[in-house]
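Each remark here refers to the structure printed beneath this line.
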Amino acid sequence: MPANPKYLTYNPWQRFAKISAGLVGGYLVAASTHLALAAWSPYRQETLITSIYSMFLMWVLMFLIAFVSGNGWKVWIIYLVSSLAIFALAFYGKQLYPAI
């Protein structure tokens, strides 16, 4: 059964933005989230080892969200801002509250 034409993206730049946002941006968000969890956890090595599975699932979810959205460039902005915010929270939060 073919896809409904009204849901297809015909603009090649939007298609590129959605694919690249899903691949690269989704991976950045998933990796930054799990690295932040490891930075705040007292068991860093165990957290990183076991987070491989949940990171893959989160990456797939971010990939699907990029394709469902209407504008790929907005998804890029959201993914970049959220990954930078998570990195900043992990880095500066650990410096401000080292006992945690």
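How things are named: the first chain in the structure tokens is A, the next is B, and so on; residues count from 1 in each chain; ligands count from 1 in the order shown.
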
Could you list, as a VMD selection string, every residue within 10 Å of region 65-72 of chain A, counting only C-alpha atoms and ignoring same-chain residues fewer than 6 positions away? chain A and resid 7 9 13 to 23 25 to 26 59 78 to 79

Give me the residues within 12 Å of region 53-58 of chain A as a compact mmCIF listing (two decimals) with C-alpha atoms, in the first residue's frame, counting only C-alpha atoms and dropping any in the same chain fewer than 5 places off.
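Dumped to out-v7.txt:
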# COMPACT_ATOMS: atom_id res chain seq x y z
CA GLY A 22 17.21 12.45 12.90
CA LEU A 23 20.67 10.95 12.46
CA GLY A 25 20.67 15.70 16.07
CA GLY A 26 18.88 12.74 17.58
CA TYR A 27 22.18 11.13 18.43
CA LEU A 28 23.41 14.36 20.06
CA VAL A 29 20.33 14.58 22.26
CA ALA A 30 20.48 10.91 23.23
CA ALA A 31 24.22 10.98 23.93
CA SER A 32 24.10 14.22 25.92
CA THR A 33 21.23 12.91 28.04
CA HIS A 34 23.06 9.73 28.92
CA LEU A 35 26.36 11.49 29.53
CA LEU A 37 23.09 10.91 33.72
CA THR A 47 25.71 3.88 34.01
CA LEU A 48 27.54 4.29 30.71
CA PHE A 63 14.65 9.95 14.60
CA LEU A 64 10.92 9.27 14.37
CA ILE A 65 10.05 12.66 15.86

What is the CA of Met62 (chain A) to CA of Trp76 (chain A) distance in Å?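 Separating CA of Met62 (chain A) from CA of Trp76 (chain A) is a distance of 11.0 Å.
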
Please, which residues of chain A, numbered as in this document, come out alpha helix (DSSP H) from DSSP, as a PyMOL selection string? chain A and resi 12-20+26-40+44-68+72-96

Print the selection's residues with C-alpha atoms to a file, as a PDB file, in the first residue's frame.
ATOM      1  CA  PRO A  12      14.884  18.084  -1.111  1.00  0.00           C
ATOM      2  CA  TRP A  13      16.188  20.523   1.525  1.00  0.00           C
ATOM      3  CA  GLN A  14      13.439  19.569   3.953  1.00  0.00           C
ATOM      4  CA  ARG A  15      14.143  15.913   3.323  1.00  0.00           C
ATOM      5  CA  PHE A  16      17.845  16.506   3.989  1.00  0.00           C
ATOM      6  CA  ALA A  17      17.038  18.479   7.147  1.00  0.00           C
ATOM      7  CA  LYS A  18      14.779  15.732   8.497  1.00  0.00           C
ATOM      8  CA  ILE A  19      17.229  12.927   7.767  1.00  0.00           C
ATOM      9  CA  SER A  20      20.243  14.778   9.151  1.00  0.00           C
ATOM     10  CA  GLY A  26      18.878  12.737  17.581  1.00  0.00           C
ATOM     11  CA  TYR A  27      22.184  11.125  18.431  1.00  0.00           C
ATOM     12  CA  LEU A  28      23.408  14.362  20.060  1.00  0.00           C
ATOM     13  CA  VAL A  29      20.328  14.577  22.258  1.00  0.00           C
ATOM     14  CA  ALA A  30      20.481  10.905  23.233  1.00  0.00           C
ATOM     15  CA  ALA A  31      24.221  10.979  23.931  1.00  0.00           C
ATOM     16  CA  SER A  32      24.099  14.216  25.915  1.00  0.00           C
ATOM     17  CA  THR A  33      21.230  12.913  28.036  1.00  0.00           C
ATOM     18  CA  HIS A  34      23.057   9.730  28.919  1.00  0.00           C
ATOM     19  CA  LEU A  35      26.358  11.495  29.532  1.00  0.00           C
ATOM     20  CA  ALA A  36      24.559  13.886  31.871  1.00  0.00           C
ATOM     21  CA  LEU A  37      23.088  10.913  33.716  1.00  0.00           C
ATOM     22  CA  ALA A  38      26.555   9.429  34.045  1.00  0.00           C
ATOM     23  CA  ALA A  39      28.003  12.735  35.259  1.00  0.00           C
ATOM     24  CA  TRP A  40      25.451  12.959  38.058  1.00  0.00           C
ATOM     25  CA  ARG A  44      29.666   6.346  36.156  1.00  0.00           C
ATOM     26  CA  GLN A  45      31.056   3.276  34.445  1.00  0.00           C
ATOM     27  CA  GLU A  46      28.030   1.110  35.155  1.00  0.00           C
ATOM     28  CA  THR A  47      25.708   3.881  34.012  1.00  0.00           C
ATOM     29  CA  LEU A  48      27.537   4.289  30.707  1.00  0.00           C
ATOM     30  CA  ILE A  49      27.680   0.560  30.057  1.00  0.00           C
ATOM     31  CA  THR A  50      23.986  -0.041  30.697  1.00  0.00           C
ATOM     32  CA  SER A  51      22.851   3.129  28.942  1.00  0.00           C
ATOM     33  CA  ILE A  52      23.794   1.763  25.517  1.00  0.00           C
ATOM     34  CA  TYR A  53      20.400   0.095  25.148  1.00  0.00           C
ATOM     35  CA  SER A  54      18.294   3.010  26.316  1.00  0.00           C
ATOM     36  CA  MET A  55      20.402   5.401  24.247  1.00  0.00           C
ATOM     37  CA  PHE A  56      19.642   3.428  21.099  1.00  0.00           C
ATOM     38  CA  LEU A  57      15.920   3.470  21.895  1.00  0.00           C
ATOM     39  CA  MET A  58      16.017   7.206  22.570  1.00  0.00           C
ATOM     40  CA  TRP A  59      17.903   7.796  19.316  1.00  0.00           C
ATOM     41  CA  VAL A  60      15.247   5.885  17.364  1.00  0.00           C
ATOM     42  CA  LEU A  61      12.519   7.922  19.075  1.00  0.00           C
ATOM     43  CA  MET A  62      14.286  11.182  18.182  1.00  0.00           C
ATOM     44  CA  PHE A  63      14.650   9.949  14.605  1.00  0.00           C
ATOM     45  CA  LEU A  64      10.920   9.265  14.374  1.00  0.00           C
ATOM     46  CA  ILE A  65      10.054  12.656  15.862  1.00  0.00           C
ATOM     47  CA  ALA A  66      12.189  14.333  13.196  1.00  0.00           C
ATOM     48  CA  PHE A  67      10.262  12.590  10.430  1.00  0.00           C
ATOM     49  CA  VAL A  68       6.820  13.245  11.891  1.00  0.00           C
ATOM     50  CA  GLY A  72      13.169  19.768   9.562  1.00  0.00           C
ATOM     51  CA  TRP A  73      15.030  22.987  10.336  1.00  0.00           C
ATOM     52  CA  LYS A  74      12.927  23.608  13.441  1.00  0.00           C
ATOM     53  CA  VAL A  75      13.764  20.106  14.597  1.00  0.00           C
ATOM     54  CA  TRP A  76      17.459  20.882  14.102  1.00  0.00           C
ATOM     55  CA  ILE A  77      17.165  23.991  16.263  1.00  0.00           C
ATOM     56  CA  ILE A  78      15.250  22.143  18.976  1.00  0.00           C
ATOM     57  CA  TYR A  79      17.745  19.271  19.021  1.00  0.00           C
ATOM     58  CA  LEU A  80      20.793  21.556  19.121  1.00  0.00           C
ATOM     59  CA  VAL A  81      19.396  23.795  21.851  1.00  0.00           C
ATOM     60  CA  SER A  82      18.299  20.852  23.977  1.00  0.00           C
ATOM     61  CA  SER A  83      21.603  19.008  23.638  1.00  0.00           C
ATOM     62  CA  LEU A  84      23.579  22.158  24.505  1.00  0.00           C
ATOM     63  CA  ALA A  85      21.307  22.788  27.493  1.00  0.00           C
ATOM     64  CA  ILE A  86      21.786  19.225  28.724  1.00  0.00           C
ATOM     65  CA  PHE A  87      25.566  19.461  28.307  1.00  0.00           C
ATOM     66  CA  ALA A  88      25.606  22.767  30.185  1.00  0.00           C
ATOM     67  CA  LEU A  89      23.430  21.345  32.946  1.00  0.00           C
ATOM     68  CA  ALA A  90      25.713  18.346  33.334  1.00  0.00           C
ATOM     69  CA  PHE A  91      28.939  20.359  33.264  1.00  0.00           C
ATOM     70  CA  TYR A  92      28.038  23.484  35.227  1.00  0.00           C
ATOM     71  CA  GLY A  93      25.630  21.747  37.547  1.00  0.00           C
ATOM     72  CA  LYS A  94      28.335  19.351  38.636  1.00  0.00           C
ATOM     73  CA  GLN A  95      30.702  22.277  39.273  1.00  0.00           C
ATOM     74  CA  LEU A  96      28.125  24.179  41.297  1.00  0.00           C
TER      75      LEU A  96
END
